[in-house]
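Undergrad: Contents of input.tsv (TSV, C-alpha atoms):
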```tsv
chain	number	residue	atom	x	y	z
A	231	MET	CA	164.28	39.02	-15.99
A	232	ASP	CA	161.33	40.53	-17.91
A	233	THR	CA	158.12	40.09	-15.91
A	234	SER	CA	155.92	41.82	-18.49
A	235	PRO	CA	152.87	40.01	-19.90
A	236	PRO	CA	153.62	37.85	-22.97
A	237	GLU	CA	151.95	40.29	-25.37
A	238	VAL	CA	154.04	43.19	-24.00
A	239	THR	CA	157.23	41.14	-24.13
A	240	GLY	CA	156.44	40.20	-27.72
A	241	LEU	CA	155.86	43.85	-28.62
A	242	LYS	CA	159.16	44.85	-27.03
A	243	LYS	CA	160.98	42.23	-29.07
A	244	ARG	CA	159.35	43.41	-32.30
A	245	VAL	CA	160.21	47.04	-31.55
A	246	ASN	CA	163.74	45.99	-30.58
A	247	VAL	CA	164.18	44.34	-33.98
A	248	ALA	CA	162.60	47.31	-35.77
A	249	ILE	CA	164.90	49.82	-34.06
A	250	ARG	CA	168.03	47.79	-34.67
A	251	ASP	CA	167.02	47.22	-38.29
A	252	ALA	CA	166.31	50.94	-38.78
A	253	ILE	CA	169.90	51.82	-37.86
A	254	GLY	CA	171.46	48.90	-39.68
A	255	LEU	CA	172.11	46.57	-36.73
A	256	THR	CA	170.73	43.43	-38.33
A	257	GLN	CA	172.91	41.02	-36.35
A	258	ASN	CA	172.20	39.86	-32.81
A	259	PRO	CA	174.42	41.35	-30.09
A	260	PRO	CA	177.45	39.20	-29.24
A	261	PRO	CA	177.35	37.01	-26.11
A	262	ILE	CA	178.59	38.85	-23.04
A	263	CYS	CA	181.59	37.47	-21.18
A	264	GLN	CA	180.96	37.95	-17.47
A	265	ASP	CA	184.09	36.17	-16.24
A	266	PRO	CA	186.42	38.85	-14.82
A	267	ASN	CA	189.45	36.72	-15.67
A	268	GLU	CA	188.42	36.08	-19.28
A	269	ALA	CA	186.76	39.37	-20.31
A	270	TYR	CA	188.79	41.54	-22.68
A	271	THR	CA	187.25	44.69	-21.16
A	272	ALA	CA	186.63	44.70	-17.42
A	273	ILE	CA	183.06	43.79	-16.55
A	274	ASP	CA	182.79	46.85	-14.26
A	275	SER	CA	184.36	49.18	-16.82
A	276	VAL	CA	183.06	52.58	-17.87
A	277	ALA	CA	183.39	51.32	-21.44
A	278	ARG	CA	180.71	48.68	-20.88
A	279	LEU	CA	178.39	51.32	-19.48
A	280	VAL	CA	179.00	53.81	-22.31
A	281	HIS	CA	178.95	51.29	-25.16
A	282	GLY	CA	175.91	49.50	-23.76
A	283	ASP	CA	173.54	52.40	-24.38
A	284	LEU	CA	172.52	51.99	-28.01
A	285	SER	CA	170.63	55.28	-28.18
A	286	SER	CA	173.52	57.52	-27.14
A	287	MET	CA	175.95	55.39	-29.17
A	288	VAL	CA	173.95	56.19	-32.32
A	289	VAL	CA	174.42	59.92	-31.69
A	290	GLY	CA	178.09	59.46	-30.80
A	291	GLY	CA	178.64	57.21	-33.79
A	292	LEU	CA	177.22	59.82	-36.16
A	293	ALA	CA	179.43	62.50	-34.61
A	294	SER	CA	182.51	60.32	-34.97
A	295	LEU	CA	181.74	59.73	-38.66
A	296	PHE	CA	181.48	63.48	-39.27
A	297	LEU	CA	184.72	64.09	-37.43
A	298	GLN	CA	186.56	61.36	-39.32
A	299	MET	CA	185.49	62.90	-42.66
A	300	LEU	CA	187.91	65.74	-41.99
A	301	HIS	CA	191.05	63.58	-42.37
A	302	PRO	CA	191.76	63.42	-46.13
A	303	ARG	CA	193.76	60.18	-45.97
A	304	ALA	CA	191.22	58.41	-43.76
A	305	MET	CA	188.35	59.65	-45.93
A	306	ALA	CA	190.09	58.54	-49.12
A	307	GLY	CA	190.23	54.99	-47.77
A	308	VAL	CA	186.51	55.06	-47.07
A	309	ALA	CA	185.66	56.59	-50.44
A	310	GLN	CA	187.80	54.19	-52.45
A	311	HIS	CA	187.36	50.95	-50.54
A	312	SER	CA	183.85	50.99	-49.09
A	313	ARG	CA	180.35	50.85	-50.53
A	314	TYR	CA	178.84	53.36	-48.15
A	315	GLN	CA	176.46	54.82	-50.76
A	316	ASP	CA	175.13	51.35	-51.63
A	317	ASP	CA	175.23	50.15	-48.02
A	318	PRO	CA	174.87	53.35	-45.95
A	319	PHE	CA	174.86	51.62	-42.58
A	320	GLY	CA	177.58	49.15	-43.46
A	321	ARG	CA	180.49	51.03	-41.92
A	322	MET	CA	178.54	51.92	-38.80
A	323	LEU	CA	177.45	48.30	-38.50
A	324	GLN	CA	181.04	47.07	-38.81
A	325	THR	CA	182.17	49.54	-36.16
A	326	ALA	CA	179.26	48.63	-33.87
A	327	ASN	CA	179.96	44.91	-34.20
A	328	PHE	CA	183.67	45.44	-33.54
A	329	ILE	CA	183.09	47.69	-30.53
A	330	GLY	CA	180.53	45.24	-29.18
A	331	ALA	CA	182.84	42.26	-29.66
A	332	THR	CA	185.81	43.90	-27.91
A	333	THR	CA	183.74	45.50	-25.14
A	334	TYR	CA	181.71	42.46	-24.12
A	335	GLY	CA	183.66	39.52	-25.52
A	336	SER	CA	186.35	37.30	-24.05
A	337	LYS	CA	190.05	37.93	-24.56
A	338	SER	CA	190.28	35.17	-27.16
A	339	SER	CA	187.21	36.24	-29.18
A	340	SER	CA	188.27	39.89	-29.03
A	341	GLN	CA	191.75	39.09	-30.32
A	342	LYS	CA	190.15	37.22	-33.22
A	343	SER	CA	188.02	40.26	-34.02
A	344	ILE	CA	191.07	42.53	-33.90
A	345	LYS	CA	193.00	40.18	-36.19
A	346	ARG	CA	190.14	40.17	-38.72
A	347	VAL	CA	190.01	43.97	-38.77
A	348	LEU	CA	193.75	44.27	-39.32
A	349	GLN	CA	193.58	41.72	-42.13
A	350	VAL	CA	190.84	43.71	-43.87
A	351	HIS	CA	192.84	46.90	-43.38
A	352	GLU	CA	195.79	45.37	-45.24
A	353	GLN	CA	193.83	45.76	-48.48
A	354	VAL	CA	192.90	49.39	-47.82
A	355	VAL	CA	195.79	51.26	-49.41
A	356	GLY	CA	196.00	53.88	-52.14
A	357	LEU	CA	196.42	57.56	-52.94
A	358	THR	CA	194.24	60.54	-52.04
A	359	ASP	CA	192.90	62.96	-54.65
A	360	GLN	CA	196.10	64.96	-54.14
A	361	GLY	CA	198.42	61.99	-54.48
A	362	GLU	CA	199.17	61.38	-50.79
A	363	PRO	CA	199.66	57.70	-49.94
A	364	TYR	CA	197.46	56.16	-47.26
A	365	ALA	CA	197.15	52.77	-45.57
A	366	ALA	CA	194.39	51.85	-43.14
A	367	ASN	CA	196.89	50.12	-40.83
A	368	ASP	CA	199.01	53.28	-40.58
A	369	PRO	CA	199.43	53.77	-36.80
A	370	ASP	CA	198.71	57.49	-37.17
A	371	LEU	CA	195.44	56.93	-39.07
A	372	LEU	CA	194.40	54.25	-36.60
A	373	SER	CA	195.06	56.71	-33.78
A	374	TRP	CA	192.90	59.36	-35.50
A	375	VAL	CA	189.96	56.99	-35.85
A	376	HIS	CA	190.38	55.74	-32.28
A	377	CYS	CA	190.51	59.26	-30.81
A	378	ALA	CA	187.55	60.46	-32.87
A	379	GLU	CA	185.41	57.51	-31.82
A	380	ILE	CA	186.08	57.43	-28.10
A	381	ALA	CA	185.82	61.22	-27.76
A	382	MET	CA	182.39	61.24	-29.41
A	383	PHE	CA	181.12	58.06	-27.71
A	384	TYR	CA	181.90	59.43	-24.25
A	385	ARG	CA	180.58	62.90	-24.99
A	386	ALA	CA	177.31	61.43	-26.31
A	387	TYR	CA	176.83	59.37	-23.15
A	388	GLU	CA	177.55	62.40	-20.98
A	389	ILE	CA	174.61	64.22	-22.54
A	390	PHE	CA	172.21	61.47	-23.65
A	391	GLY	CA	173.15	58.41	-21.58
A	392	LYS	CA	170.78	56.96	-19.02
A	393	LEU	CA	173.01	57.05	-15.92
A	394	PRO	CA	175.16	59.92	-14.61
A	395	LEU	CA	178.90	59.71	-15.06
A	396	PHE	CA	181.17	60.49	-12.12
A	397	ALA	CA	184.27	62.64	-11.82
A	398	GLY	CA	187.32	60.88	-13.20
A	399	GLU	CA	185.37	58.41	-15.32
A	400	GLU	CA	186.43	60.04	-18.59
A	401	ASP	CA	190.07	59.42	-17.66
A	402	LYS	CA	189.17	55.86	-16.72
A	403	TYR	CA	187.31	55.31	-20.01
A	404	VAL	CA	190.20	56.60	-22.13
A	405	GLU	CA	192.63	54.39	-20.22
A	406	GLU	CA	190.36	51.35	-20.60
A	407	MET	CA	190.22	51.89	-24.36
A	408	SER	CA	194.01	52.25	-24.62
A	409	GLN	CA	194.42	48.45	-24.59
A	410	LEU	CA	192.33	48.12	-27.73
A	411	ALA	CA	194.26	50.99	-29.31
A	412	SER	CA	197.53	49.22	-28.52
A	413	ASP	CA	196.35	45.88	-29.91
A	414	LEU	CA	195.22	47.60	-33.12
A	415	GLY	CA	198.59	49.28	-33.52
A	416	CYS	CA	197.57	52.89	-32.89
A	417	SER	CA	200.31	55.40	-32.21
A	418	PRO	CA	200.24	57.69	-30.32
A	419	ILE	CA	197.73	56.40	-27.77
A	420	PRO	CA	195.93	58.64	-25.25
A	421	HIS	CA	195.70	57.39	-21.66
A	422	ASN	CA	193.56	60.12	-20.12
A	423	ALA	CA	191.05	62.78	-21.16
A	424	ASN	CA	193.65	65.55	-21.41
A	425	GLU	CA	195.88	63.47	-23.68
A	426	LEU	CA	192.86	62.63	-25.83
A	427	GLN	CA	192.03	66.32	-26.37
A	428	LEU	CA	195.67	67.17	-27.06
A	429	GLN	CA	195.91	64.43	-29.68
A	430	LEU	CA	192.76	65.64	-31.42
A	431	GLU	CA	194.26	69.14	-31.47
A	432	ASP	CA	197.53	67.76	-32.87
A	433	PHE	CA	195.66	66.40	-35.88
A	434	ARG	CA	194.16	69.77	-36.82
A	435	PRO	CA	196.96	70.91	-39.19
A	436	VAL	CA	196.28	67.95	-41.53
A	437	LEU	CA	192.48	68.18	-41.42
A	438	GLU	CA	190.34	69.68	-44.17
A	439	LEU	CA	187.04	69.00	-45.85
A	440	ARG	CA	187.84	67.82	-49.37
A	441	ALA	CA	185.54	66.53	-52.10
A	442	ASP	CA	185.37	62.98	-50.69
A	443	GLY	CA	184.46	64.28	-47.25
A	444	ARG	CA	181.91	66.73	-48.64
A	445	ARG	CA	180.17	63.96	-50.59
A	446	ALA	CA	180.11	61.72	-47.51
A	447	ARG	CA	178.77	64.57	-45.36
A	448	ASN	CA	175.98	65.34	-47.84
A	449	PHE	CA	175.09	61.68	-48.17
A	450	LEU	CA	174.88	61.18	-44.42
A	451	GLN	CA	172.81	64.33	-44.00
A	452	HIS	CA	170.31	63.81	-46.80
A	453	GLU	CA	170.31	60.32	-48.27
A	454	VAL	CA	170.84	57.73	-45.55
A	455	VAL	CA	167.35	57.69	-44.06
A	456	GLN	CA	164.13	57.33	-46.05
A	457	GLY	CA	160.53	57.80	-44.90
A	458	ARG	CA	158.93	60.85	-43.28
A	459	LEU	CA	158.95	59.61	-39.67
A	460	ARG	CA	162.50	58.28	-39.86
A	461	ARG	CA	163.71	61.53	-41.41
A	462	PHE	CA	162.02	63.50	-38.63
A	463	VAL	CA	163.74	61.43	-35.92
A	464	PHE	CA	167.05	61.41	-37.80
A	465	TRP	CA	166.99	65.22	-38.05
A	466	PHE	CA	167.22	65.45	-34.25
A	467	LEU	CA	169.94	62.80	-34.07
A	468	LEU	CA	171.97	64.65	-36.69
A	469	ARG	CA	171.67	68.01	-34.93
A	470	SER	CA	172.57	66.38	-31.64
A	471	SER	CA	175.64	64.81	-33.25
A	472	TYR	CA	176.76	68.26	-34.45
A	473	SER	CA	176.52	69.50	-30.87
A	474	LEU	CA	179.14	66.97	-29.76
A	475	LEU	CA	181.74	68.22	-32.23
A	476	PRO	CA	184.38	70.81	-31.36
A	477	ASP	CA	183.56	74.27	-32.72
A	478	TRP	CA	186.45	74.09	-35.17
A	479	ALA	CA	185.14	70.80	-36.57
A	480	CYS	CA	181.67	72.29	-37.15
A	481	GLN	CA	183.27	75.21	-38.99
A	482	MET	CA	185.34	72.89	-41.19
A	483	LEU	CA	182.34	70.66	-41.88
A	484	GLU	CA	180.19	73.73	-42.62
A	485	VAL	CA	177.46	72.62	-40.21
A	486	LYS	CA	175.75	74.82	-37.65
A	487	SER	CA	175.20	74.04	-33.99
A	488	ASN	CA	173.45	76.59	-31.80
A	489	ARG	CA	174.07	76.11	-28.07
A	490	PHE	CA	170.83	77.78	-27.00
A	491	LEU	CA	168.73	75.84	-29.51
A	492	ASN	CA	170.46	72.63	-28.47
A	493	ARG	CA	169.71	73.23	-24.79
A	494	VAL	CA	166.05	74.20	-25.11
A	495	PHE	CA	164.91	72.13	-28.10
A	496	ILE	CA	167.31	69.69	-29.81
A	497	HIS	CA	168.71	67.93	-26.75
A	498	PRO	CA	165.40	67.57	-24.85
A	499	PHE	CA	163.71	66.01	-27.88
A	500	THR	CA	166.68	63.74	-28.56
A	501	LYS	CA	166.57	62.57	-24.94
A	502	LEU	CA	162.94	61.61	-25.46
A	503	ILE	CA	163.95	59.62	-28.55
A	504	CYS	CA	166.66	57.90	-26.49
A	505	MET	CA	164.18	57.08	-23.74
A	506	GLY	CA	161.88	55.49	-26.30
A	507	MET	CA	164.70	53.41	-27.76
A	508	ARG	CA	165.68	52.17	-24.30
A	509	VAL	CA	162.22	50.72	-23.71
A	510	ALA	CA	162.87	48.25	-26.52
A	511	VAL	CA	166.68	48.06	-26.30
A	512	PRO	CA	167.60	48.30	-22.59
A	513	PRO	CA	171.07	49.68	-21.85
A	514	THR	CA	173.78	47.86	-19.98
A	515	PRO	CA	173.49	48.50	-16.22
A	516	ARG	CA	176.38	49.87	-14.19
A	517	VAL	CA	178.38	47.04	-12.61
A	518	ILE	CA	180.10	47.63	-9.29
A	519	LEU	CA	182.47	44.97	-8.00
```
Would it be possible to restate this file's structure as structure tokens?
TA:
Amino acid sequence: MDTSPPEVTGLKKRVNVAIRDAIGLTQNPPPICQDPNEAYTAIDSVARLVHGDLSSMVVGGLASLFLQMLHPRAMAGVAQHSRYQDDPFGRMLQTANFIGATTYGSKSSSQKSIKRVLQVHEQVVGLTDQGEPYAANDPDLLSWVHCAEIAMFYRAYEIFGKLPLFAGEEDKYVEEMSQLASDLGCSPIPHNANELQLQLEDFRPVLELRADGRRARNFLQHEVVQGRLRRFVFWFLLRSSYSLLPDWACQMLEVKSNRFLNRVFIHPFTKLICMGMRVAVPPTPRVIL
């Protein structure tokens, strides 16, 4: 319960709306299911802790978008079937809403969300610029997107999240997310951190930065955010997202990430940004049953 004076509470709400609007989250968060028997994702899960920190999820979400650009068939589906240049936050918003619905919703509401996503995916079919067929509901492509997202979400929370993560929680997180992967039709599905890294490595032979990915990378780097202050903040979020990527992904994406600069400058400033965001958008607390 917020015990702040009314004027402070009102300011927090206005800043909350401003922050969510600035990153494209124009919808209210979904209602949280707190019934252990009805929740799709366990109420004491690592997933609820990781996904409940909006600030680190923004960094992780950016990193996952960059990583996904490297799969030509996945990127062709985005380029040919989305309006990301007209609606730059649209895809991130859809992902955020879906992750929120399946992390905090009931089993029934989550299954409805999953069904809607799969129905939309049925229309996302075509050929890449080199004539390779793709389909968004391809189990292999679904697995790529799943692995890219959960790897970057967890890594972002490790560095920028509010609470410390304990030994073994990465394995627990990957296992928790395997149910969603199964319901979406992903194959193969990682069940622990080692399997997750191995699956990302297994994708490397098919990854490359083609024209569609290069255009998406340039757009995300230079055209998504307008306004001097927003660009200044976004610069740190971008550089922090690069730091989450494997070295080979940075090389393929042609982006630079300096470990020393990250440690002494980029990460500390990004953590300050995250702290500021949490004042207006408080993260989900750790639940222990």
Undergrad: Check which residues of region 332-391 of chain A sit at most 7 Å from region 300-320 of chain A using only C-alpha atoms, and return one row each with the closest pair of atoms and their distance in Å to one decimal, ordered by chain and rising number, as JSON lines.
TA:
```
{"residue": "A:Val354", "atom": "CA", "partner": "A:Gly307", "partner_atom": "CA", "distance": 6.2}
{"residue": "A:Val355", "atom": "CA", "partner": "A:Gly307", "partner_atom": "CA", "distance": 6.9}
{"residue": "A:Thr358", "atom": "CA", "partner": "A:Ala306", "partner_atom": "CA", "distance": 5.5}
{"residue": "A:Tyr364", "atom": "CA", "partner": "A:Arg303", "partner_atom": "CA", "distance": 5.6}
{"residue": "A:Ala366", "atom": "CA", "partner": "A:Gly307", "partner_atom": "CA", "distance": 7.0}
{"residue": "A:Leu371", "atom": "CA", "partner": "A:Ala304", "partner_atom": "CA", "distance": 6.5}
```
Undergrad: Report as a PDB file with C-alpha atoms, keeping the file's coordinate frame all protein, DNA and RNA residues lying within 9 Å of Ile419 (chain A), evaluated on all atoms listed in the file, omitting residues in the same chain fewer than 2 positions from it.
TA:
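part-v1.pdb, freshly written:
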```pdb
ATOM      1  CA  SER A 373     195.060  56.710 -33.780  1.00  0.00           C
ATOM      2  CA  HIS A 376     190.380  55.740 -32.280  1.00  0.00           C
ATOM      3  CA  CYS A 377     190.510  59.260 -30.810  1.00  0.00           C
ATOM      4  CA  SER A 408     194.010  52.250 -24.620  1.00  0.00           C
ATOM      5  CA  ALA A 411     194.260  50.990 -29.310  1.00  0.00           C
ATOM      6  CA  SER A 412     197.530  49.220 -28.520  1.00  0.00           C
ATOM      7  CA  CYS A 416     197.570  52.890 -32.890  1.00  0.00           C
ATOM      8  CA  SER A 417     200.310  55.400 -32.210  1.00  0.00           C
ATOM      9  CA  HIS A 421     195.700  57.390 -21.660  1.00  0.00           C
ATOM     10  CA  GLU A 425     195.880  63.470 -23.680  1.00  0.00           C
ATOM     11  CA  LEU A 426     192.860  62.630 -25.830  1.00  0.00           C
ATOM     12  CA  GLN A 429     195.910  64.430 -29.680  1.00  0.00           C
TER      13      GLN A 429
END
```
Undergrad: Kindly indicate which residue among A:Pro513, A:Pro363, A:Gly398, A:Pro476 lies nearest to Gln427 (chain A), using all atoms listed in the file for the distances.
TA: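 Distance minimum relative to Gln427 (chain A) lands on A:Pro476.
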Undergrad: What is the CA of Pro515 (chain A)-CA of Phe296 (chain A) distance in Å, reported with one decimal?
TA: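 These atoms are spaced 28.6 Å apart.
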Undergrad: When distances are computed from only C-alpha atoms, which of A:Arg447, A:His281, A:Arg434, A:Lys501 shows the smallest separation from Ile380 (chain A)?
TA: A:His281
Undergrad: Quick one: contact table of region 383-500 of chain A to region 508-511 of chain A, 12 Å max, nearest atom pair and distance in Å to one decimal per residue, counting all atoms listed in the file, chain and number order, as a tab-separated table?
TA:
```
residue	atom	partner	partner_atom	distance
A:Phe390	CA	A:Arg508	CA	11.4
A:Gly391	CA	A:Arg508	CA	10.1
A:Lys392	CA	A:Arg508	CA	8.8
```
Undergrad: Taking (176.2, 51.8, -32.0) in the coordinates of the supplied file, I want to know which residues reach to within 10 Å of it, counting only C-alpha atoms; could you give the answer as a VMD selection string?
TA: chain A and resid 250 253 to 255 281 to 292 322 to 330 383
Undergrad: For the selection just defined, write its residues with C-alpha atoms to a file, as a PDB file, in the coordinates of the input.
TA:
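again-v1.pdb written:
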```pdb
ATOM      1  CA  ARG A 250     168.030  47.790 -34.670  1.00  0.00           C
ATOM      2  CA  ILE A 253     169.900  51.820 -37.860  1.00  0.00           C
ATOM      3  CA  GLY A 254     171.460  48.900 -39.680  1.00  0.00           C
ATOM      4  CA  LEU A 255     172.110  46.570 -36.730  1.00  0.00           C
ATOM      5  CA  HIS A 281     178.950  51.290 -25.160  1.00  0.00           C
ATOM      6  CA  GLY A 282     175.910  49.500 -23.760  1.00  0.00           C
ATOM      7  CA  ASP A 283     173.540  52.400 -24.380  1.00  0.00           C
ATOM      8  CA  LEU A 284     172.520  51.990 -28.010  1.00  0.00           C
ATOM      9  CA  SER A 285     170.630  55.280 -28.180  1.00  0.00           C
ATOM     10  CA  SER A 286     173.520  57.520 -27.140  1.00  0.00           C
ATOM     11  CA  MET A 287     175.950  55.390 -29.170  1.00  0.00           C
ATOM     12  CA  VAL A 288     173.950  56.190 -32.320  1.00  0.00           C
ATOM     13  CA  VAL A 289     174.420  59.920 -31.690  1.00  0.00           C
ATOM     14  CA  GLY A 290     178.090  59.460 -30.800  1.00  0.00           C
ATOM     15  CA  GLY A 291     178.640  57.210 -33.790  1.00  0.00           C
ATOM     16  CA  LEU A 292     177.220  59.820 -36.160  1.00  0.00           C
ATOM     17  CA  MET A 322     178.540  51.920 -38.800  1.00  0.00           C
ATOM     18  CA  LEU A 323     177.450  48.300 -38.500  1.00  0.00           C
ATOM     19  CA  GLN A 324     181.040  47.070 -38.810  1.00  0.00           C
ATOM     20  CA  THR A 325     182.170  49.540 -36.160  1.00  0.00           C
ATOM     21  CA  ALA A 326     179.260  48.630 -33.870  1.00  0.00           C
ATOM     22  CA  ASN A 327     179.960  44.910 -34.200  1.00  0.00           C
ATOM     23  CA  PHE A 328     183.670  45.440 -33.540  1.00  0.00           C
ATOM     24  CA  ILE A 329     183.090  47.690 -30.530  1.00  0.00           C
ATOM     25  CA  GLY A 330     180.530  45.240 -29.180  1.00  0.00           C
ATOM     26  CA  PHE A 383     181.120  58.060 -27.710  1.00  0.00           C
TER      27      PHE A 383
END
```
Undergrad: Using only the atoms of region 272-286 of chain A listed in the file, plus 5 Å on each side, state the axis-aligned box centre and edge lengths in Å rounded to one decimal, as lines of an AutoDock Vina configuration file.
TA:
```
center_x = 178.6
center_y = 50.7
center_z = -21.2
size_x = 26.0
size_y = 23.7
size_z = 23.9
```
Undergrad: Please compute the CA of Val436 (chain A)-CA of Gly356 (chain A) distance, one decimal, in Å.
TA: 17.6 Å
Undergrad: Could you tell me how far CA of Glu388 (chain A) sits from CA of Phe466 (chain A), in Å to one decimal place?
TA: 17.1 Å
Undergrad: What's around Arg469 (chain A) at 10 Å? Count only C-alpha atoms, leave out sequence neighbours fewer than 2 positions away in its own chain, and write the answer as JSON, numbers by chain.
TA: {"A": [289, 292, 293, 451, 464, 465, 466, 467, 471, 472, 473, 474, 485, 486, 487, 488, 491, 492, 496, 497, 500]}
Undergrad: Within 8 Å of region 264-276 of chain A, counting all atoms listed in the file, which residues qualify if same-chain residues fewer than 5 places away don't, as a list in words?
TA: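 Listed by chain and then number, they are Thr332, Thr333, Tyr334, Gly335, Ser336, Lys337, Ser338, Ser340, Glu399, Lys402, Tyr403, Glu406, Arg516, Val517, Ile518 and Leu519 of chain A.
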Undergrad: From the options A:Arg445, A:Gln481, A:Pro394, A:Asp413, which residue's atoms come nearest to Ser343 (chain A), counting all atoms listed in the file?
TA: A:Asp413
Undergrad: Kindly output region 360-372 of chain A as a PDB file, keeping the file's coordinate frame, after building N, CA and C atoms.
TA:
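What ended up in result-v2.pdb:
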```
ATOM      1  N   GLN A 360     194.920  64.112 -53.942  1.00  0.00           N
ATOM      2  CA  GLN A 360     196.100  64.960 -54.140  1.00  0.00           C
ATOM      3  C   GLN A 360     197.391  64.155 -54.151  1.00  0.00           C
ATOM      4  N   GLY A 361     197.254  62.834 -54.305  1.00  0.00           N
ATOM      5  CA  GLY A 361     198.420  61.990 -54.480  1.00  0.00           C
ATOM      6  C   GLY A 361     199.134  61.565 -53.211  1.00  0.00           C
ATOM      7  N   GLU A 362     198.528  61.793 -52.047  1.00  0.00           N
ATOM      8  CA  GLU A 362     199.170  61.380 -50.790  1.00  0.00           C
ATOM      9  C   GLU A 362     198.881  59.901 -50.549  1.00  0.00           C
ATOM     10  N   PRO A 363     199.900  59.118 -50.217  1.00  0.00           N
ATOM     11  CA  PRO A 363     199.660  57.700 -49.940  1.00  0.00           C
ATOM     12  C   PRO A 363     198.967  57.505 -48.604  1.00  0.00           C
ATOM     13  N   TYR A 364     198.117  56.490 -48.526  1.00  0.00           N
ATOM     14  CA  TYR A 364     197.460  56.160 -47.260  1.00  0.00           C
ATOM     15  C   TYR A 364     197.406  54.649 -47.119  1.00  0.00           C
ATOM     16  N   ALA A 365     197.333  54.191 -45.886  1.00  0.00           N
ATOM     17  CA  ALA A 365     197.150  52.770 -45.570  1.00  0.00           C
ATOM     18  C   ALA A 365     196.338  52.702 -44.283  1.00  0.00           C
ATOM     19  N   ALA A 366     195.289  51.899 -44.292  1.00  0.00           N
ATOM     20  CA  ALA A 366     194.390  51.850 -43.140  1.00  0.00           C
ATOM     21  C   ALA A 366     195.087  51.374 -41.873  1.00  0.00           C
ATOM     22  N   ASN A 367     196.152  50.598 -42.010  1.00  0.00           N
ATOM     23  CA  ASN A 367     196.890  50.120 -40.830  1.00  0.00           C
ATOM     24  C   ASN A 367     198.006  51.073 -40.413  1.00  0.00           C
ATOM     25  N   ASP A 368     198.057  52.252 -41.013  1.00  0.00           N
ATOM     26  CA  ASP A 368     199.010  53.280 -40.580  1.00  0.00           C
ATOM     27  C   ASP A 368     198.702  53.620 -39.127  1.00  0.00           C
ATOM     28  N   PRO A 369     199.684  53.501 -38.227  1.00  0.00           N
ATOM     29  CA  PRO A 369     199.430  53.770 -36.800  1.00  0.00           C
ATOM     30  C   PRO A 369     198.823  55.147 -36.543  1.00  0.00           C
ATOM     31  N   ASP A 370     199.226  56.136 -37.352  1.00  0.00           N
ATOM     32  CA  ASP A 370     198.710  57.490 -37.170  1.00  0.00           C
ATOM     33  C   ASP A 370     197.237  57.572 -37.554  1.00  0.00           C
ATOM     34  N   LEU A 371     196.846  56.937 -38.660  1.00  0.00           N
ATOM     35  CA  LEU A 371     195.440  56.930 -39.070  1.00  0.00           C
ATOM     36  C   LEU A 371     194.596  56.139 -38.085  1.00  0.00           C
ATOM     37  N   LEU A 372     195.128  55.025 -37.613  1.00  0.00           N
ATOM     38  CA  LEU A 372     194.400  54.250 -36.600  1.00  0.00           C
ATOM     39  C   LEU A 372     194.183  55.071 -35.343  1.00  0.00           C
TER      40      LEU A 372
END
```
